[in-house]
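*Asks:* Input file: query05.txt. Contents: compact mmCIF, N, CA and C atoms.
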```txt
# COMPACT_ATOMS: atom_id res chain seq x y z
N MET A 1 -3.11 19.84 -39.49
CA MET A 1 -3.44 19.69 -38.07
C MET A 1 -4.00 18.30 -37.74
N LEU A 2 -4.75 17.73 -38.64
CA LEU A 2 -5.40 16.46 -38.34
C LEU A 2 -4.53 15.26 -38.68
N LYS A 3 -3.29 15.34 -38.26
CA LYS A 3 -2.39 14.20 -38.36
C LYS A 3 -2.19 13.67 -36.96
N LEU A 4 -2.19 12.38 -36.82
CA LEU A 4 -2.04 11.74 -35.51
C LEU A 4 -0.78 12.23 -34.80
N GLU A 5 0.30 12.38 -35.53
CA GLU A 5 1.56 12.81 -34.94
C GLU A 5 1.52 14.24 -34.41
N ASN A 6 0.51 15.01 -34.76
CA ASN A 6 0.37 16.39 -34.28
C ASN A 6 -0.54 16.50 -33.06
N GLN A 7 -1.08 15.39 -32.60
CA GLN A 7 -2.06 15.42 -31.52
C GLN A 7 -1.43 15.08 -30.18
N LEU A 8 -1.50 16.00 -29.25
CA LEU A 8 -1.02 15.75 -27.88
C LEU A 8 -1.86 14.66 -27.21
N CYS A 9 -3.13 14.61 -27.54
CA CYS A 9 -4.02 13.64 -26.90
C CYS A 9 -3.62 12.19 -27.20
N PHE A 10 -3.07 11.93 -28.37
CA PHE A 10 -2.76 10.54 -28.70
C PHE A 10 -1.67 9.94 -27.83
N PRO A 11 -0.50 10.58 -27.66
CA PRO A 11 0.49 9.95 -26.78
C PRO A 11 0.00 9.85 -25.33
N LEU A 12 -0.85 10.79 -24.89
CA LEU A 12 -1.41 10.68 -23.54
C LEU A 12 -2.30 9.44 -23.44
N TYR A 13 -3.14 9.25 -24.44
CA TYR A 13 -4.03 8.10 -24.47
C TYR A 13 -3.23 6.80 -24.55
N ALA A 14 -2.27 6.74 -25.47
CA ALA A 14 -1.48 5.52 -25.66
C ALA A 14 -0.67 5.21 -24.40
N CYS A 15 -0.09 6.23 -23.79
CA CYS A 15 0.69 6.04 -22.57
C CYS A 15 -0.20 5.54 -21.44
N SER A 16 -1.37 6.11 -21.31
CA SER A 16 -2.30 5.68 -20.27
C SER A 16 -2.65 4.20 -20.44
N ARG A 17 -2.92 3.78 -21.66
CA ARG A 17 -3.23 2.37 -21.92
C ARG A 17 -2.04 1.48 -21.56
N GLU A 18 -0.83 1.92 -21.89
CA GLU A 18 0.36 1.12 -21.60
C GLU A 18 0.60 1.01 -20.09
N VAL A 19 0.36 2.10 -19.39
CA VAL A 19 0.53 2.09 -17.93
C VAL A 19 -0.46 1.11 -17.29
N VAL A 20 -1.71 1.19 -17.69
CA VAL A 20 -2.73 0.28 -17.13
C VAL A 20 -2.37 -1.16 -17.48
N LYS A 21 -1.90 -1.39 -18.70
CA LYS A 21 -1.51 -2.74 -19.11
C LYS A 21 -0.34 -3.24 -18.26
N ALA A 22 0.60 -2.37 -17.93
CA ALA A 22 1.75 -2.76 -17.10
C ALA A 22 1.31 -3.07 -15.66
N TYR A 23 0.28 -2.41 -15.18
CA TYR A 23 -0.24 -2.68 -13.84
C TYR A 23 -0.97 -4.03 -13.76
N PHE A 24 -1.52 -4.46 -14.88
CA PHE A 24 -2.40 -5.62 -14.88
C PHE A 24 -1.84 -6.84 -14.15
N PRO A 25 -0.64 -7.33 -14.50
CA PRO A 25 -0.15 -8.52 -13.80
C PRO A 25 0.12 -8.29 -12.31
N LEU A 26 0.50 -7.07 -11.96
CA LEU A 26 0.78 -6.75 -10.56
C LEU A 26 -0.51 -6.73 -9.74
N LEU A 27 -1.56 -6.19 -10.34
CA LEU A 27 -2.84 -6.07 -9.63
C LEU A 27 -3.67 -7.35 -9.70
N SER A 28 -3.41 -8.18 -10.69
CA SER A 28 -4.13 -9.46 -10.79
C SER A 28 -3.92 -10.30 -9.55
N ARG A 29 -2.71 -10.29 -9.03
CA ARG A 29 -2.46 -11.10 -7.84
C ARG A 29 -3.14 -10.52 -6.60
N LEU A 30 -3.60 -9.28 -6.69
CA LEU A 30 -4.39 -8.68 -5.60
C LEU A 30 -5.89 -8.79 -5.88
N ASP A 31 -6.22 -9.34 -7.04
CA ASP A 31 -7.61 -9.43 -7.51
C ASP A 31 -8.25 -8.04 -7.61
N LEU A 32 -7.49 -7.09 -8.18
CA LEU A 32 -7.99 -5.74 -8.37
C LEU A 32 -7.78 -5.30 -9.82
N THR A 33 -8.71 -4.50 -10.32
CA THR A 33 -8.49 -3.80 -11.58
C THR A 33 -7.74 -2.52 -11.24
N TYR A 34 -7.30 -1.82 -12.27
CA TYR A 34 -6.57 -0.58 -12.03
C TYR A 34 -7.45 0.45 -11.30
N THR A 35 -8.69 0.62 -11.75
CA THR A 35 -9.55 1.61 -11.08
C THR A 35 -9.91 1.18 -9.66
N GLN A 36 -10.06 -0.12 -9.43
CA GLN A 36 -10.29 -0.60 -8.05
C GLN A 36 -9.07 -0.30 -7.19
N TYR A 37 -7.89 -0.46 -7.75
CA TYR A 37 -6.65 -0.14 -7.04
C TYR A 37 -6.61 1.34 -6.65
N LEU A 38 -7.05 2.21 -7.54
CA LEU A 38 -7.08 3.64 -7.23
C LEU A 38 -8.01 3.92 -6.05
N VAL A 39 -9.18 3.28 -6.06
CA VAL A 39 -10.12 3.44 -4.93
C VAL A 39 -9.46 2.98 -3.64
N MET A 40 -8.82 1.82 -3.69
CA MET A 40 -8.19 1.29 -2.48
C MET A 40 -7.07 2.20 -1.99
N MET A 41 -6.31 2.80 -2.91
CA MET A 41 -5.25 3.72 -2.48
C MET A 41 -5.83 4.90 -1.71
N VAL A 42 -6.96 5.41 -2.17
CA VAL A 42 -7.61 6.51 -1.44
C VAL A 42 -8.03 6.02 -0.05
N LEU A 43 -8.62 4.83 0.01
CA LEU A 43 -9.10 4.30 1.29
C LEU A 43 -7.96 3.93 2.24
N TRP A 44 -6.82 3.55 1.72
CA TRP A 44 -5.68 3.27 2.60
C TRP A 44 -5.17 4.56 3.23
N GLU A 45 -5.38 5.68 2.57
CA GLU A 45 -5.01 6.98 3.14
C GLU A 45 -6.11 7.54 4.03
N GLN A 46 -7.35 7.32 3.61
CA GLN A 46 -8.51 7.89 4.29
C GLN A 46 -9.56 6.78 4.42
N PRO A 47 -9.56 6.03 5.52
CA PRO A 47 -10.40 4.84 5.66
C PRO A 47 -11.91 5.07 5.60
N ALA A 48 -12.35 6.30 5.76
CA ALA A 48 -13.78 6.63 5.65
C ALA A 48 -13.90 7.91 4.82
N ILE A 49 -14.77 7.85 3.81
CA ILE A 49 -14.91 8.98 2.89
C ILE A 49 -16.29 8.91 2.24
N SER A 50 -16.83 10.04 1.84
CA SER A 50 -18.12 10.02 1.13
C SER A 50 -17.86 9.65 -0.33
N VAL A 51 -18.88 9.11 -0.96
CA VAL A 51 -18.77 8.75 -2.37
C VAL A 51 -18.47 10.01 -3.20
N LYS A 52 -19.10 11.11 -2.85
CA LYS A 52 -18.88 12.36 -3.58
C LYS A 52 -17.41 12.78 -3.49
N GLU A 53 -16.85 12.75 -2.29
CA GLU A 53 -15.47 13.15 -2.10
C GLU A 53 -14.51 12.19 -2.81
N LEU A 54 -14.82 10.90 -2.76
CA LEU A 54 -14.01 9.90 -3.45
C LEU A 54 -14.02 10.16 -4.95
N GLY A 55 -15.18 10.45 -5.49
CA GLY A 55 -15.30 10.77 -6.91
C GLY A 55 -14.49 12.00 -7.30
N GLN A 56 -14.49 13.00 -6.43
CA GLN A 56 -13.70 14.21 -6.69
C GLN A 56 -12.20 13.90 -6.70
N LYS A 57 -11.76 13.10 -5.77
CA LYS A 57 -10.34 12.75 -5.70
C LYS A 57 -9.88 11.97 -6.93
N LEU A 58 -10.76 11.12 -7.45
CA LEU A 58 -10.39 10.24 -8.57
C LEU A 58 -10.87 10.77 -9.92
N TYR A 59 -11.55 11.91 -9.93
CA TYR A 59 -12.10 12.47 -11.16
C TYR A 59 -13.04 11.47 -11.84
N LEU A 60 -13.88 10.83 -11.02
CA LEU A 60 -14.86 9.87 -11.52
C LEU A 60 -16.26 10.32 -11.13
N ASP A 61 -17.21 10.16 -12.04
CA ASP A 61 -18.60 10.50 -11.71
C ASP A 61 -19.25 9.32 -11.00
N SER A 62 -20.41 9.56 -10.42
CA SER A 62 -21.06 8.51 -9.64
C SER A 62 -21.49 7.34 -10.50
N GLY A 63 -21.78 7.57 -11.78
CA GLY A 63 -22.17 6.49 -12.67
C GLY A 63 -21.03 5.50 -12.90
N THR A 64 -19.81 5.98 -12.83
CA THR A 64 -18.64 5.11 -12.96
C THR A 64 -18.26 4.52 -11.61
N LEU A 65 -18.37 5.33 -10.58
CA LEU A 65 -17.92 4.94 -9.25
C LEU A 65 -18.84 3.91 -8.59
N THR A 66 -20.14 4.04 -8.74
CA THR A 66 -21.08 3.14 -8.06
C THR A 66 -20.85 1.66 -8.41
N PRO A 67 -20.76 1.28 -9.69
CA PRO A 67 -20.51 -0.14 -9.98
C PRO A 67 -19.14 -0.61 -9.47
N LEU A 68 -18.19 0.27 -9.49
CA LEU A 68 -16.85 -0.03 -8.98
C LEU A 68 -16.91 -0.32 -7.49
N LEU A 69 -17.63 0.51 -6.75
CA LEU A 69 -17.76 0.32 -5.30
C LEU A 69 -18.55 -0.95 -4.98
N LYS A 70 -19.56 -1.24 -5.79
CA LYS A 70 -20.34 -2.47 -5.59
C LYS A 70 -19.44 -3.70 -5.71
N LYS A 71 -18.56 -3.70 -6.70
CA LYS A 71 -17.65 -4.85 -6.89
C LYS A 71 -16.67 -4.97 -5.72
N LEU A 72 -16.16 -3.85 -5.25
CA LEU A 72 -15.23 -3.88 -4.10
C LEU A 72 -15.96 -4.29 -2.83
N GLU A 73 -17.22 -3.91 -2.71
CA GLU A 73 -18.02 -4.31 -1.56
C GLU A 73 -18.29 -5.82 -1.62
N ALA A 74 -18.53 -6.34 -2.81
CA ALA A 74 -18.76 -7.78 -2.97
C ALA A 74 -17.50 -8.58 -2.61
N LYS A 75 -16.34 -7.98 -2.76
CA LYS A 75 -15.07 -8.62 -2.37
C LYS A 75 -14.76 -8.40 -0.89
N ALA A 76 -15.67 -7.72 -0.18
CA ALA A 76 -15.55 -7.43 1.25
C ALA A 76 -14.35 -6.52 1.57
N LEU A 77 -13.99 -5.65 0.62
CA LEU A 77 -12.88 -4.72 0.85
C LEU A 77 -13.36 -3.37 1.40
N LEU A 78 -14.65 -3.10 1.24
CA LEU A 78 -15.22 -1.86 1.75
C LEU A 78 -16.70 -2.07 2.03
N THR A 79 -17.27 -1.12 2.77
CA THR A 79 -18.72 -1.09 3.00
C THR A 79 -19.24 0.27 2.58
N ARG A 80 -20.49 0.30 2.19
CA ARG A 80 -21.17 1.56 1.88
C ARG A 80 -22.37 1.70 2.79
N THR A 81 -22.50 2.85 3.41
CA THR A 81 -23.64 3.10 4.29
C THR A 81 -24.13 4.53 4.07
N ARG A 82 -25.38 4.75 4.39
CA ARG A 82 -25.94 6.10 4.30
C ARG A 82 -25.57 6.86 5.57
N SER A 83 -25.28 8.12 5.42
CA SER A 83 -24.95 8.97 6.56
C SER A 83 -26.16 9.12 7.47
N ALA A 84 -25.93 9.07 8.77
CA ALA A 84 -27.03 9.25 9.73
C ALA A 84 -27.52 10.70 9.71
N GLU A 85 -26.60 11.63 9.43
CA GLU A 85 -26.96 13.07 9.41
C GLU A 85 -27.70 13.47 8.14
N ASP A 86 -27.35 12.84 7.01
CA ASP A 86 -27.95 13.19 5.73
C ASP A 86 -28.00 11.93 4.87
N GLU A 87 -29.21 11.38 4.72
CA GLU A 87 -29.37 10.11 4.01
C GLU A 87 -28.98 10.19 2.54
N ARG A 88 -28.83 11.40 1.99
CA ARG A 88 -28.41 11.54 0.60
C ARG A 88 -26.92 11.24 0.44
N VAL A 89 -26.19 11.28 1.54
CA VAL A 89 -24.75 11.07 1.52
C VAL A 89 -24.44 9.59 1.78
N VAL A 90 -23.67 9.01 0.86
CA VAL A 90 -23.25 7.62 1.02
C VAL A 90 -21.78 7.64 1.46
N LEU A 91 -21.51 6.91 2.54
CA LEU A 91 -20.16 6.84 3.09
C LEU A 91 -19.52 5.52 2.73
N VAL A 92 -18.24 5.58 2.41
CA VAL A 92 -17.47 4.39 2.08
C VAL A 92 -16.46 4.18 3.20
N ASN A 93 -16.40 2.97 3.72
CA ASN A 93 -15.47 2.63 4.80
C ASN A 93 -14.67 1.39 4.40
N ILE A 94 -13.39 1.42 4.63
CA ILE A 94 -12.55 0.26 4.35
C ILE A 94 -12.81 -0.80 5.42
N THR A 95 -12.75 -2.06 5.03
CA THR A 95 -12.93 -3.16 5.97
C THR A 95 -11.57 -3.66 6.44
N GLU A 96 -11.59 -4.59 7.38
CA GLU A 96 -10.33 -5.21 7.82
C GLU A 96 -9.63 -5.90 6.66
N LYS A 97 -10.41 -6.58 5.84
CA LYS A 97 -9.83 -7.26 4.68
C LYS A 97 -9.20 -6.25 3.72
N GLY A 98 -9.85 -5.12 3.53
CA GLY A 98 -9.32 -4.06 2.68
C GLY A 98 -8.04 -3.47 3.25
N THR A 99 -8.01 -3.30 4.55
CA THR A 99 -6.82 -2.79 5.22
C THR A 99 -5.67 -3.79 5.10
N ALA A 100 -5.97 -5.07 5.25
CA ALA A 100 -4.94 -6.11 5.15
C ALA A 100 -4.34 -6.18 3.74
N LEU A 101 -5.12 -5.84 2.74
CA LEU A 101 -4.64 -5.87 1.36
C LEU A 101 -3.50 -4.87 1.13
N TYR A 102 -3.45 -3.86 1.96
CA TYR A 102 -2.39 -2.83 1.86
C TYR A 102 -1.00 -3.48 1.89
N GLN A 103 -0.80 -4.40 2.79
CA GLN A 103 0.51 -5.05 2.91
C GLN A 103 0.90 -5.78 1.62
N GLN A 104 -0.07 -6.41 0.99
CA GLN A 104 0.19 -7.12 -0.27
C GLN A 104 0.48 -6.15 -1.42
N ALA A 105 -0.06 -4.94 -1.33
CA ALA A 105 0.08 -3.96 -2.40
C ALA A 105 1.36 -3.12 -2.29
N LEU A 106 2.05 -3.22 -1.17
CA LEU A 106 3.22 -2.37 -0.94
C LEU A 106 4.29 -2.48 -2.03
N SER A 107 4.42 -3.62 -2.67
CA SER A 107 5.46 -3.80 -3.68
C SER A 107 5.08 -3.22 -5.05
N VAL A 108 3.82 -2.91 -5.26
CA VAL A 108 3.36 -2.48 -6.58
C VAL A 108 4.06 -1.21 -7.07
N PRO A 109 4.13 -0.13 -6.28
CA PRO A 109 4.79 1.08 -6.80
C PRO A 109 6.26 0.85 -7.18
N GLN A 110 6.97 0.08 -6.40
CA GLN A 110 8.37 -0.20 -6.70
C GLN A 110 8.50 -1.02 -7.98
N GLU A 111 7.65 -2.03 -8.12
CA GLU A 111 7.67 -2.84 -9.33
C GLU A 111 7.34 -2.02 -10.57
N MET A 112 6.42 -1.08 -10.43
CA MET A 112 6.08 -0.20 -11.56
C MET A 112 7.22 0.76 -11.87
N SER A 113 7.88 1.28 -10.85
CA SER A 113 8.96 2.23 -11.10
C SER A 113 10.10 1.58 -11.88
N CYS A 114 10.28 0.28 -11.73
CA CYS A 114 11.31 -0.44 -12.48
C CYS A 114 10.98 -0.52 -13.97
N LYS A 115 9.73 -0.32 -14.33
CA LYS A 115 9.30 -0.41 -15.72
C LYS A 115 9.39 0.94 -16.44
N ILE A 116 9.70 2.00 -15.69
CA ILE A 116 9.70 3.35 -16.25
C ILE A 116 11.13 3.89 -16.23
N SER A 117 11.57 4.38 -17.36
CA SER A 117 12.97 4.82 -17.48
C SER A 117 13.15 6.32 -17.29
N LEU A 118 12.26 6.95 -16.56
CA LEU A 118 12.39 8.38 -16.28
C LEU A 118 13.26 8.59 -15.06
N SER A 119 14.06 9.65 -15.10
CA SER A 119 14.80 10.03 -13.90
C SER A 119 13.81 10.59 -12.89
N SER A 120 14.26 10.78 -11.68
CA SER A 120 13.41 11.35 -10.63
C SER A 120 12.92 12.74 -11.05
N ASP A 121 13.81 13.55 -11.59
CA ASP A 121 13.43 14.90 -12.03
C ASP A 121 12.44 14.85 -13.19
N GLU A 122 12.67 13.95 -14.14
CA GLU A 122 11.74 13.82 -15.27
C GLU A 122 10.37 13.37 -14.78
N ALA A 123 10.34 12.43 -13.85
CA ALA A 123 9.06 11.95 -13.31
C ALA A 123 8.32 13.08 -12.60
N LYS A 124 9.03 13.89 -11.82
CA LYS A 124 8.39 15.03 -11.13
C LYS A 124 7.85 16.03 -12.13
N THR A 125 8.62 16.31 -13.18
CA THR A 125 8.19 17.26 -14.21
C THR A 125 6.93 16.74 -14.91
N LEU A 126 6.94 15.47 -15.29
CA LEU A 126 5.78 14.88 -15.95
C LEU A 126 4.57 14.91 -15.03
N TYR A 127 4.76 14.55 -13.78
CA TYR A 127 3.69 14.57 -12.78
C TYR A 127 3.07 15.97 -12.71
N ASN A 128 3.91 16.98 -12.59
CA ASN A 128 3.42 18.36 -12.48
C ASN A 128 2.70 18.81 -13.75
N LEU A 129 3.23 18.44 -14.91
CA LEU A 129 2.60 18.81 -16.17
C LEU A 129 1.24 18.12 -16.33
N LEU A 130 1.16 16.87 -15.95
CA LEU A 130 -0.11 16.15 -16.06
C LEU A 130 -1.17 16.76 -15.14
N TYR A 131 -0.77 17.11 -13.93
CA TYR A 131 -1.74 17.74 -13.02
C TYR A 131 -2.12 19.13 -13.49
N LYS A 132 -1.21 19.81 -14.18
CA LYS A 132 -1.54 21.10 -14.76
C LYS A 132 -2.62 20.91 -15.83
N LEU A 133 -2.47 19.91 -16.68
CA LEU A 133 -3.48 19.61 -17.69
C LEU A 133 -4.82 19.24 -17.05
N ILE A 134 -4.77 18.39 -16.04
CA ILE A 134 -6.00 18.02 -15.34
C ILE A 134 -6.70 19.26 -14.82
N GLY A 135 -5.93 20.16 -14.23
CA GLY A 135 -6.49 21.42 -13.74
C GLY A 135 -7.12 22.25 -14.84
N ASP A 136 -6.46 22.29 -16.00
CA ASP A 136 -7.02 23.04 -17.15
C ASP A 136 -8.39 22.51 -17.55
N PHE A 137 -8.53 21.19 -17.52
CA PHE A 137 -9.80 20.57 -17.94
C PHE A 137 -10.86 20.60 -16.84
N ASN A 138 -10.50 20.93 -15.64
CA ASN A 138 -11.45 20.94 -14.53
C ASN A 138 -11.70 22.34 -13.98
N LYS A 139 -11.50 23.34 -14.81
CA LYS A 139 -11.73 24.73 -14.38
C LYS A 139 -13.20 25.10 -14.35
N GLU A 140 -14.01 24.37 -15.14
CA GLU A 140 -15.44 24.71 -15.20
C GLU A 140 -16.09 24.65 -13.86
```
Hey, can you dump this file as structure tokens for me?
*Replies:*
Amino acid sequence: MLKLENQLCFPLYACSREVVKAYFPLLSRLDLTYTQYLVMMVLWEQPAISVKELGQKLYLDSGTLTPLLKKLEAKALLTRTRSAEDERVVLVNITEKGTALYQQALSVPQEMSCKISLSSDEAKTLYNLLYKLIGDFNKE
């Protein structure tokens, strides 16, 4: 059992590293890391969101998310403010600069799809299987 070739976790880990590595040159020109890009994708869909909700969407805890948001705020791509209704809630809002970055990022998904040799059906199957696994690990 303890052979690398018998571990499902290893190809998932190796594939994840390769995907992030493939994104690197595409995101460098946007001055974003992969995780910053994920945050921005959420904000391009939902321009205002709580930190808690953002963390849930990205499966990130606040200890990981807070420094990430600070860096994006320093780049003037988002702002963080306390909710007027409940000061414990921190709200994240995309800025004009963050919204403008969307146009520059539009080519990234297409450029990435050219690097992957899966058919549309294979990609959908993989997507569904990966989310099934994520669900299995988040049942607690």
*Asks:* Give me, please, the distance in Å between CA of Ile94 (chain A) and CA of Tyr131 (chain A), quoted to one decimal.
*Replies:* 26.9 Å
*Asks:* Return the single residue from A:Lys52, A:Phe24, A:Asn128, A:Leu8 that is closest to Tyr37 (chain A), with distances computed using only C-alpha atoms.
*Replies:*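 Using only C-alpha atoms, the shortest distance to Tyr37 (chain A) belongs to A:Phe24.
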*Asks:* Select from chain A everything DSSP, run on the backbone, classes as strand (DSSP E or B), then give the selection as a ChimeraX atom specification.
*Replies:* /A:48-50,78-82,90-94
*Asks:* Let's have the selection written as a tab-separated table (two decimals), in the coordinates of the input, with N, CA and C atoms.
*Replies:*
```
chain	number	residue	atom	x	y	z
A	48	ALA	N	-12.35	6.30	5.76
A	48	ALA	CA	-13.78	6.63	5.65
A	48	ALA	C	-13.90	7.91	4.82
A	49	ILE	N	-14.77	7.85	3.81
A	49	ILE	CA	-14.91	8.98	2.89
A	49	ILE	C	-16.29	8.91	2.24
A	50	SER	N	-16.83	10.04	1.84
A	50	SER	CA	-18.12	10.02	1.13
A	50	SER	C	-17.86	9.65	-0.33
A	78	LEU	N	-14.65	-3.10	1.24
A	78	LEU	CA	-15.22	-1.86	1.75
A	78	LEU	C	-16.70	-2.07	2.03
A	79	THR	N	-17.27	-1.12	2.77
A	79	THR	CA	-18.72	-1.09	3.00
A	79	THR	C	-19.24	0.27	2.58
A	80	ARG	N	-20.49	0.30	2.19
A	80	ARG	CA	-21.17	1.56	1.88
A	80	ARG	C	-22.37	1.70	2.79
A	81	THR	N	-22.50	2.85	3.41
A	81	THR	CA	-23.64	3.10	4.29
A	81	THR	C	-24.13	4.53	4.07
A	82	ARG	N	-25.38	4.75	4.39
A	82	ARG	CA	-25.94	6.10	4.30
A	82	ARG	C	-25.57	6.86	5.57
A	90	VAL	N	-23.67	9.01	0.86
A	90	VAL	CA	-23.25	7.62	1.02
A	90	VAL	C	-21.78	7.64	1.46
A	91	LEU	N	-21.51	6.91	2.54
A	91	LEU	CA	-20.16	6.84	3.09
A	91	LEU	C	-19.52	5.52	2.73
A	92	VAL	N	-18.24	5.58	2.41
A	92	VAL	CA	-17.47	4.39	2.08
A	92	VAL	C	-16.46	4.18	3.20
A	93	ASN	N	-16.40	2.97	3.72
A	93	ASN	CA	-15.47	2.63	4.80
A	93	ASN	C	-14.67	1.39	4.40
A	94	ILE	N	-13.39	1.42	4.63
A	94	ILE	CA	-12.55	0.26	4.35
A	94	ILE	C	-12.81	-0.80	5.42
```
*Asks:* Please measure the separation of atom C of Thr79 (chain A) and atom N of Ser28 (chain A), giving the value in Å to one decimal.
*Replies:*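 So the answer is 22.3 Å.
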*Asks:* Identify which of the residues A:Lys75, A:Val19, A:Leu26, A:Met41 lies closest to Ser107 (chain A), counting only C-alpha atoms when measuring atom-to-atom distances.
*Replies:*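 Looking only at the distances to Ser107 (chain A), the closest residue turns out to be A:Leu26.
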*Asks:* Just checking: using only C-alpha atoms, which residue out of A:Gln36, A:Leu126, A:Arg82, A:Leu106 ends up closest to Leu58 (chain A)?
*Replies:*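 Of all the options, A:Gln36 lies closest to Leu58 (chain A).
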*Asks:* Neighbours of region 60-73 of chain A within 12 Å (only C-alpha atoms; same-chain residues fewer than 4 positions away dropped), as a count of residues only?
*Replies:* 33
*Asks:* Quote the spacing between CA of Arg29 (chain A) and CA of Ser120 (chain A) in Å to one decimal place.
*Replies:*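 CA of Ser120 (chain A) lies at a distance of 27.6 Å from CA of Arg29 (chain A).
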*Asks:* Counting only C-alpha atoms, which residue out of A:Ser119, A:Asn6, A:Gln110, A:Thr99 sits closest to Trp44 (chain A)?
*Replies:*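 Ranking A:Ser119, A:Asn6, A:Gln110, A:Thr99 by distance to Trp44 (chain A), first place goes to A:Thr99.
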*Asks:* Could you give me the residues within region 82-134 of chain A that DSSP places in alpha helix (DSSP H), as a ChimeraX atom specification?
*Replies:* /A:96-105,108-113,120-134
